[in-house]
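**Q** Got run_0.cif for you, mmCIF, C-alpha atoms:
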```
data_query
loop_
_atom_site.group_PDB
_atom_site.id
_atom_site.type_symbol
_atom_site.label_atom_id
_atom_site.label_comp_id
_atom_site.auth_asym_id
_atom_site.auth_seq_id
_atom_site.Cartn_x
_atom_site.Cartn_y
_atom_site.Cartn_z
ATOM 1 C CA MET A 1 -28.437 -1.794 10.756
ATOM 2 C CA GLY A 2 -25.537 -0.927 8.489
ATOM 3 C CA LYS A 3 -21.798 -1.135 9.100
ATOM 4 C CA ILE A 4 -18.744 0.649 7.766
ATOM 5 C CA PHE A 5 -16.139 -1.850 6.555
ATOM 6 C CA TYR A 6 -12.886 0.077 6.822
ATOM 7 C CA ILE A 7 -9.834 -0.995 4.810
ATOM 8 C CA ILE A 8 -6.507 -0.083 6.387
ATOM 9 C CA GLY A 9 -2.900 -1.012 5.745
ATOM 10 C CA LYS A 10 0.492 0.335 4.831
ATOM 11 C CA SER A 11 1.099 2.067 1.503
ATOM 12 C CA ALA A 12 1.412 -0.150 -1.591
ATOM 13 C CA THR A 13 -0.333 -3.135 0.010
ATOM 14 C CA GLY A 14 -2.937 -2.955 -2.750
ATOM 15 C CA LYS A 15 -5.710 -1.306 -0.734
ATOM 16 C CA ASP A 16 -7.152 0.610 -3.694
ATOM 17 C CA THR A 17 -7.106 -2.474 -5.922
ATOM 18 C CA ILE A 18 -8.833 -4.572 -3.264
ATOM 19 C CA TYR A 19 -11.327 -1.776 -2.618
ATOM 20 C CA ASN A 20 -12.302 -1.617 -6.296
ATOM 21 C CA LYS A 21 -12.495 -5.397 -6.685
ATOM 22 C CA ILE A 22 -14.853 -5.610 -3.709
ATOM 23 C CA LEU A 23 -17.107 -2.907 -5.150
ATOM 24 C CA GLU A 24 -17.140 -4.731 -8.498
ATOM 25 C CA GLN A 25 -18.818 -7.654 -6.737
ATOM 26 C CA GLN A 26 -21.869 -5.415 -6.241
ATOM 27 C CA ILE A 27 -22.694 -6.739 -2.798
ATOM 28 C CA PRO A 28 -26.304 -5.767 -1.996
ATOM 29 C CA ASN A 29 -26.554 -2.587 0.078
ATOM 30 C CA LEU A 30 -22.774 -2.002 0.092
ATOM 31 C CA GLU A 31 -21.761 1.475 -1.074
ATOM 32 C CA LYS A 32 -18.401 3.208 -1.126
ATOM 33 C CA LEU A 33 -17.480 5.772 1.484
ATOM 34 C CA VAL A 34 -15.754 8.588 -0.406
ATOM 35 C CA ILE A 35 -13.496 10.835 1.652
ATOM 36 C CA TYR A 36 -12.054 14.262 0.907
ATOM 37 C CA THR A 37 -8.526 15.421 0.179
ATOM 38 C CA THR A 38 -6.726 18.680 -0.511
ATOM 39 C CA ARG A 39 -3.942 16.955 -2.423
ATOM 40 C CA PRO A 40 -3.716 17.497 -6.191
ATOM 41 C CA GLN A 41 -5.785 15.199 -8.367
ATOM 42 C CA ARG A 42 -3.604 12.542 -10.019
ATOM 43 C CA GLU A 43 -3.763 11.367 -13.614
ATOM 44 C CA GLY A 44 -6.635 8.957 -14.105
ATOM 45 C CA GLU A 45 -8.518 10.008 -10.943
ATOM 46 C CA THR A 46 -12.109 11.264 -11.026
ATOM 47 C CA ASN A 47 -13.546 13.699 -8.508
ATOM 48 C CA GLY A 48 -16.096 11.900 -6.349
ATOM 49 C CA LYS A 49 -14.736 8.460 -7.231
ATOM 50 C CA GLU A 50 -11.345 8.037 -5.564
ATOM 51 C CA TYR A 51 -11.789 11.182 -3.453
ATOM 52 C CA PHE A 52 -13.711 14.432 -3.275
ATOM 53 C CA PHE A 53 -10.997 16.919 -4.191
ATOM 54 C CA THR A 54 -11.197 20.220 -2.364
ATOM 55 C CA ASP A 55 -8.984 23.069 -1.142
ATOM 56 C CA LEU A 56 -8.186 24.703 2.199
ATOM 57 C CA LYS A 57 -11.222 26.952 1.925
ATOM 58 C CA GLY A 58 -13.519 23.948 1.522
ATOM 59 C CA LEU A 59 -11.783 22.179 4.401
ATOM 60 C CA ASN A 60 -12.200 25.153 6.720
ATOM 61 C CA GLU A 61 -15.878 25.536 5.808
ATOM 62 C CA MET A 62 -16.541 21.930 6.790
ATOM 63 C CA ARG A 63 -14.573 22.386 10.015
ATOM 64 C CA GLU A 64 -16.807 25.327 10.908
ATOM 65 C CA LYS A 65 -19.911 23.219 10.256
ATOM 66 C CA GLY A 66 -18.589 20.557 12.646
ATOM 67 C CA VAL A 67 -19.113 17.702 10.191
ATOM 68 C CA ILE A 68 -15.532 16.411 9.983
ATOM 69 C CA ILE A 69 -15.253 12.978 11.575
ATOM 70 C CA GLU A 70 -11.496 12.654 11.193
ATOM 71 C CA GLU A 71 -8.705 14.398 9.371
ATOM 72 C CA ARG A 72 -5.000 13.916 8.920
ATOM 73 C CA THR A 73 -2.434 16.187 7.328
ATOM 74 C CA TYR A 74 0.748 14.914 5.721
ATOM 75 C CA HIS A 75 3.707 17.276 5.443
ATOM 76 C CA THR A 76 4.926 16.055 2.067
ATOM 77 C CA VAL A 77 7.774 17.288 -0.093
ATOM 78 C CA LEU A 78 5.063 18.841 -2.292
ATOM 79 C CA GLY A 79 3.354 20.689 0.567
ATOM 80 C CA ASP A 80 0.715 19.849 3.159
ATOM 81 C CA TRP A 81 -1.996 17.412 2.055
ATOM 82 C CA THR A 82 -5.078 16.866 4.216
ATOM 83 C CA TYR A 83 -7.362 13.846 3.967
ATOM 84 C CA PHE A 84 -10.635 13.837 5.869
ATOM 85 C CA THR A 85 -13.934 12.043 6.316
ATOM 86 C CA ALA A 86 -17.068 14.134 6.742
ATOM 87 C CA ASP A 87 -20.532 13.292 8.019
ATOM 88 C CA ASP A 88 -21.941 15.243 5.094
ATOM 89 C CA GLY A 89 -25.245 13.460 4.598
ATOM 90 C CA GLN A 90 -23.995 10.670 2.338
ATOM 91 C CA LEU A 91 -24.230 7.997 5.054
ATOM 92 C CA GLU A 92 -27.485 6.114 5.627
ATOM 93 C CA LEU A 93 -26.417 3.550 8.196
ATOM 94 C CA ASP A 94 -29.984 2.580 8.995
ATOM 95 C CA THR A 95 -30.184 0.660 5.731
ATOM 96 C CA THR A 96 -26.784 0.612 4.034
ATOM 97 C CA ASP A 97 -23.263 -0.776 4.556
ATOM 98 C CA TYR A 98 -20.233 1.204 3.414
ATOM 99 C CA LEU A 99 -16.717 0.369 2.282
ATOM 100 C CA GLY A 100 -13.998 2.875 3.091
ATOM 101 C CA ILE A 101 -10.217 3.218 3.161
ATOM 102 C CA GLY A 102 -8.128 5.044 5.744
ATOM 103 C CA THR A 103 -5.298 4.983 8.234
ATOM 104 C CA LEU A 104 -5.147 3.343 11.620
ATOM 105 C CA GLU A 105 -5.657 6.732 13.255
ATOM 106 C CA SER A 106 -8.664 7.544 11.076
ATOM 107 C CA TYR A 107 -10.117 4.111 11.869
ATOM 108 C CA GLU A 108 -9.903 4.905 15.592
ATOM 109 C CA LYS A 109 -11.658 8.229 15.067
ATOM 110 C CA MET A 110 -14.378 6.544 13.034
ATOM 111 C CA ILE A 111 -14.865 4.215 15.998
ATOM 112 C CA SER A 112 -15.149 7.220 18.322
ATOM 113 C CA TRP A 113 -17.748 8.857 16.044
ATOM 114 C CA PHE A 114 -19.903 5.838 15.128
ATOM 115 C CA GLY A 115 -19.072 3.213 17.773
ATOM 116 C CA THR A 116 -17.361 -0.185 17.679
ATOM 117 C CA ASP A 117 -20.555 -1.922 16.574
ATOM 118 C CA LYS A 118 -20.682 0.145 13.379
ATOM 119 C CA VAL A 119 -17.062 0.107 12.145
ATOM 120 C CA VAL A 120 -15.374 -3.156 11.077
ATOM 121 C CA PRO A 121 -11.605 -3.094 10.331
ATOM 122 C CA ILE A 122 -10.211 -4.870 7.272
ATOM 123 C CA TYR A 123 -6.435 -4.899 7.687
ATOM 124 C CA ILE A 124 -4.410 -5.715 4.564
ATOM 125 C CA GLU A 125 -0.739 -6.568 4.829
ATOM 126 C CA LEU A 126 2.138 -7.458 2.513
ATOM 127 C CA GLU A 127 5.852 -8.167 2.946
ATOM 128 C CA ASP A 128 7.902 -4.929 2.946
ATOM 129 C CA GLY A 129 10.149 -5.826 0.007
ATOM 130 C CA ILE A 130 7.166 -6.514 -2.237
ATOM 131 C CA ARG A 131 5.481 -3.306 -1.058
ATOM 132 C CA LEU A 132 8.533 -1.225 -1.888
ATOM 133 C CA SER A 133 8.824 -2.777 -5.336
ATOM 134 C CA ARG A 134 5.144 -2.090 -6.040
ATOM 135 C CA ALA A 135 5.433 1.487 -4.802
ATOM 136 C CA LEU A 136 8.428 2.128 -7.051
ATOM 137 C CA GLY A 137 6.651 0.704 -10.082
ATOM 138 C CA ARG A 138 3.593 2.854 -9.419
ATOM 139 C CA GLU A 139 5.675 5.999 -9.025
ATOM 140 C CA GLN A 140 7.575 5.342 -12.255
ATOM 141 C CA GLN A 141 4.273 5.449 -14.141
ATOM 142 C CA GLN A 142 3.615 9.040 -13.063
ATOM 143 C CA LYS A 143 4.461 11.849 -15.470
ATOM 144 C CA THR A 144 6.574 13.438 -12.705
ATOM 145 C CA PRO A 145 7.702 10.754 -10.238
ATOM 146 C CA HIS A 146 8.180 11.868 -6.617
ATOM 147 C CA TYR A 147 10.554 9.303 -5.181
ATOM 148 C CA ALA A 148 11.321 11.275 -2.023
ATOM 149 C CA GLU A 149 7.631 11.304 -1.090
ATOM 150 C CA MET A 150 7.379 7.580 -1.822
ATOM 151 C CA CYS A 151 10.265 6.912 0.582
ATOM 152 C CA ARG A 152 8.763 9.181 3.243
ATOM 153 C CA ARG A 153 5.494 7.252 3.149
ATOM 154 C CA PHE A 154 7.285 3.908 3.311
ATOM 155 C CA LEU A 155 9.298 4.882 6.391
ATOM 156 C CA ALA A 156 6.335 6.513 8.130
ATOM 157 C CA ASP A 157 4.301 3.317 7.745
ATOM 158 C CA ALA A 158 6.663 1.371 10.017
ATOM 159 C CA GLU A 159 5.735 3.660 12.903
ATOM 160 C CA ASP A 160 2.104 4.298 11.965
ATOM 161 C CA PHE A 161 1.295 0.570 11.741
ATOM 162 C CA SER A 162 3.490 -0.809 14.515
ATOM 163 C CA GLU A 163 2.354 -4.060 16.135
ATOM 164 C CA GLU A 164 1.771 -2.183 19.376
ATOM 165 C CA LYS A 165 -0.595 0.284 17.697
ATOM 166 C CA LEU A 166 -2.430 -2.459 15.812
ATOM 167 C CA LEU A 167 -3.068 -4.423 18.996
ATOM 168 C CA LYS A 168 -4.133 -1.295 20.877
ATOM 169 C CA ALA A 169 -6.686 -0.583 18.126
ATOM 170 C CA GLY A 170 -8.037 -4.119 18.393
ATOM 171 C CA ILE A 171 -6.808 -5.186 14.939
ATOM 172 C CA VAL A 172 -6.552 -8.968 15.070
ATOM 173 C CA LYS A 173 -7.829 -10.355 11.770
ATOM 174 C CA ARG A 174 -5.536 -9.743 8.799
ATOM 175 C CA PHE A 175 -5.638 -10.380 5.065
ATOM 176 C CA GLU A 176 -2.317 -10.977 3.279
ATOM 177 C CA ASN A 177 -2.512 -9.616 -0.255
ATOM 178 C CA MET A 178 -0.259 -11.845 -2.343
ATOM 179 C CA ASP A 179 -2.999 -12.233 -4.952
ATOM 180 C CA ALA A 180 -5.530 -9.417 -5.277
ATOM 181 C CA ASP A 181 -8.362 -11.556 -6.664
ATOM 182 C CA GLN A 182 -8.018 -14.183 -3.952
ATOM 183 C CA THR A 183 -7.701 -11.583 -1.189
ATOM 184 C CA ALA A 184 -10.710 -9.638 -2.455
ATOM 185 C CA GLY A 185 -12.720 -12.856 -2.526
ATOM 186 C CA GLU A 186 -11.814 -13.630 1.088
ATOM 187 C CA ILE A 187 -12.816 -10.134 2.157
ATOM 188 C CA VAL A 188 -16.104 -10.275 0.237
ATOM 189 C CA ASN A 189 -17.005 -13.459 2.106
ATOM 190 C CA TYR A 190 -15.996 -11.812 5.374
ATOM 191 C CA ILE A 191 -18.189 -8.776 4.650
ATOM 192 C CA ARG A 192 -21.157 -10.939 3.715
ATOM 193 C CA GLU A 193 -20.846 -12.891 6.949
ATOM 194 C CA ALA A 194 -20.375 -9.797 9.110
ATOM 195 C CA SER A 195 -23.308 -8.014 7.497
ATOM 196 C CA GLY A 196 -25.572 -11.065 7.665
ATOM 197 C CA ARG A 197 -25.827 -11.318 3.873
ATOM 198 C CA VAL A 198 -24.341 -14.752 3.333
ATOM 199 C CA GLU A 199 -25.434 -16.229 0.009
#
```
Represent the supplied structure as C-alpha cells.

**A**
Amino acid sequence: MGKIFYIIGKSATGKDTIYNKILEQQIPNLEKLVIYTTRPQREGETNGKEYFFTDLKGLNEMREKGVIIEERTYHTVLGDWTYFTADDGQLELDTTDYLGIGTLESYEKMISWFGTDKVVPIYIELEDGIRLSRALGREQQQKTPHYAEMCRRFLADAEDFSEEKLLKAGIVKRFENMDADQTAGEIVNYIREASGRVE
C-alpha cells in the first residue's frame, strides 16, 4: 500500500530544492503530488510541474465536485492566492507512493482525508537568519521583487509553525537543511525505509 510523503517547513528552508532532488533519485514507485494554485505563474515555472495553475472559476468548479482535500488562501499584497490539493484521480495509493509539499495545516487535512497510516510528514527546518537571507536572494532574482510579501510570509511562519502546533500535529522527526544534497540523501533513505524499499 502506498504512502504520501509530505514535505513541510517554513518559507525559504529549501523545500522545493529538496523536493526536486528527491525526485531526481527516481525512487521506484514514488511520484510527485502536484497541487493547484490560483497565484500567478512565476518565471521559470511550468504548469503541471510546480503546480497546476488555475483561476477562481476552476477552484469553484472543483469545490462543487467535492474533490478538494484541503485549501488555504493567503491574503497577499498582490491579492488573494489559494493553494489546494484535489482528489482528482491522479492518486493511485494501492500501488504508488507520492511526494508532496504543503503547510502544517494542509498536512493535518491530508491526515483527515487519507488517515495517519497513509501520510508521512517530512519536516525541514533551518535557522531563521539563513532563511531570511535565502528569501531575500530569491526575491532579488525576480523581475519585479515583492519584498513586502516576502516579509509577510516570514513573519507568518513563526505563528504557523510554532512548537506547540508542531507537537500537536505529531511532528517529531526533523531534517535540518544546511546542505541540500546531504539533507535530500537523508530523506531518501528515510522514504525507502518507511516505504519498505530499502536497497

**Q** What does the distance between CA of Asp55 in chain A and CA of Leu91 in chain A come to in Å, to one decimal place?

**A**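 Between CA of Asp55 in chain A and CA of Leu91 in chain A the gap is 22.3 Å.
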
**Q** Report as an NGL selection string the residues that result from applying the PyMOL selection byres ((chain A and resi 127) around 12) to the structure here.

**A** :A and (9-14 or 124-126 or 128-134 or 158 or 175-178)

**Q** For the provided coordinates, the residues matched by the PyMOL selection byres ((chain A and resi 37) around 6) should be stated as number ranges by chain.

**A** A: 36, 38-39, 53, 82-83

**Q** Which value, in Å to one decimal, gives the distance between CA of Ile18 in chain A and CA of Trp81 in chain A?

**A** 23.6 Å

**Q** Residues at most 7 Å from range 67-73 of chain A, counting only C-alpha atoms, excluding those fewer than 4 positions away in the same chain, as a list in words?

**A**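 My reading of the contact set: Met62, Arg63, Asp80, Trp81, Thr82, Tyr83, Phe84, Thr85, Ala86, Asp87, Asp88, Ser106, Lys109, Met110 and Trp113 of chain A.
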
**Q** Between CA of Lys168 in chain A and CA of Glu105 in chain A, measure the distance and give it in Å to one decimal.

**A**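 About the pair CA of Lys168 in chain A and CA of Glu105 in chain A: they are 11.2 Å apart.
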
**Q** Neighbours of range 20-22 of chain A within 8 Å (all atoms listed in the file; same-chain residues fewer than 2 positions away dropped), as a PDB file with C-alpha atoms, in the frame of the given file?

**A**
```
ATOM      1  CA  ASP A  16      -7.152   0.610  -3.694  1.00  0.00           C
ATOM      2  CA  THR A  17      -7.106  -2.474  -5.922  1.00  0.00           C
ATOM      3  CA  ILE A  18      -8.833  -4.572  -3.264  1.00  0.00           C
ATOM      4  CA  GLU A  24     -17.140  -4.731  -8.498  1.00  0.00           C
ATOM      5  CA  GLN A  25     -18.818  -7.654  -6.737  1.00  0.00           C
ATOM      6  CA  GLN A  26     -21.869  -5.415  -6.241  1.00  0.00           C
ATOM      7  CA  ILE A  27     -22.694  -6.739  -2.798  1.00  0.00           C
ATOM      8  CA  ASP A 181      -8.362 -11.556  -6.664  1.00  0.00           C
ATOM      9  CA  ALA A 184     -10.710  -9.638  -2.455  1.00  0.00           C
ATOM     10  CA  GLY A 185     -12.720 -12.856  -2.526  1.00  0.00           C
ATOM     11  CA  ILE A 187     -12.816 -10.134   2.157  1.00  0.00           C
ATOM     12  CA  VAL A 188     -16.104 -10.275   0.237  1.00  0.00           C
TER      13      VAL A 188
END
```

**Q** Within 9 Å of range 148-151 of chain A, which residues of range 14-87 of chain A show up? Give each one with its shortest atom-to-atom distance in Å (one decimal) and the two atoms involved, counting all atoms listed in the file, rows by chain then rising residue number, as JSON lines.

**A**
```
{"residue": "A:Thr76", "atom": "CA", "partner": "A:Glu149", "partner_atom": "CA", "distance": 6.3}
{"residue": "A:Val77", "atom": "CA", "partner": "A:Glu149", "partner_atom": "CA", "distance": 6.1}
{"residue": "A:Leu78", "atom": "CA", "partner": "A:Glu149", "partner_atom": "CA", "distance": 8.1}
```

**Q** Which of these, A:Pro28, A:Lys49, A:Tyr98, A:Tyr74, has the shortest distance to Arg152 in chain A once you count all atoms listed in the file?

**A**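 When distances to Arg152 in chain A are compared using all atoms listed in the file, the smallest one comes from A:Tyr74.
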
**Q** For a quick check of understanding, using all atoms listed in the file, which of A:Leu136, A:Leu23, A:His75, A:Leu99 has the smallest distance to Ile35 in chain A?

**A**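 Under the stated criterion, the closest residue is A:Leu99.
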
**Q** Can you give me, as a PyMOL selection string, the residues this file yields under the PyMOL selection byres ((chain A and resi 196) around 12)?

**A** chain A and resi 1-3+27-29+97+189-195+197-199

**Q** Nearest to Thr96 in chain A: which of A:Glu45, A:Asp117, A:Asp179, A:Glu31 is it, counting only C-alpha atoms?

**A**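 The closest residue to Thr96 in chain A is A:Glu31.
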
**Q** Which centre and edge lengths in Å to one decimal define the box along x, y and z that fits every listed atom of range 155-171 of chain A plus 8 Å per side, as AutoDock Vina command-line options?

**A**
```
--center_x 0.6 --center_y 0.7 --center_z 13.6 --size_x 33.3 --size_y 27.7 --size_z 30.5
```

**Q** Rank A:Gly66, A:Asp160, A:Leu30, A:Gly137 by their smallest atom-to-atom distance to Thr103 in chain A, using all atoms listed in the file, and report the top residue only.

**A**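 Under the stated criterion, the closest residue is A:Asp160.
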
**Q** Do a neighbour search on Lys118 in chain A at 7 Å with all atoms listed in the file, toss out local chain neighbours closer than 2 positions, and write the hits as number ranges by chain.

**A** A: 2-4, 114-116, 120

**Q** Ranking A:Glu43, A:Asp94, A:Glu186, A:Gly89 by minimum distance to Lys143 in chain A and counting all atoms listed in the file, which one comes first?

**A**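 With all atoms listed in the file as the atom set, the closest residue is A:Glu43.
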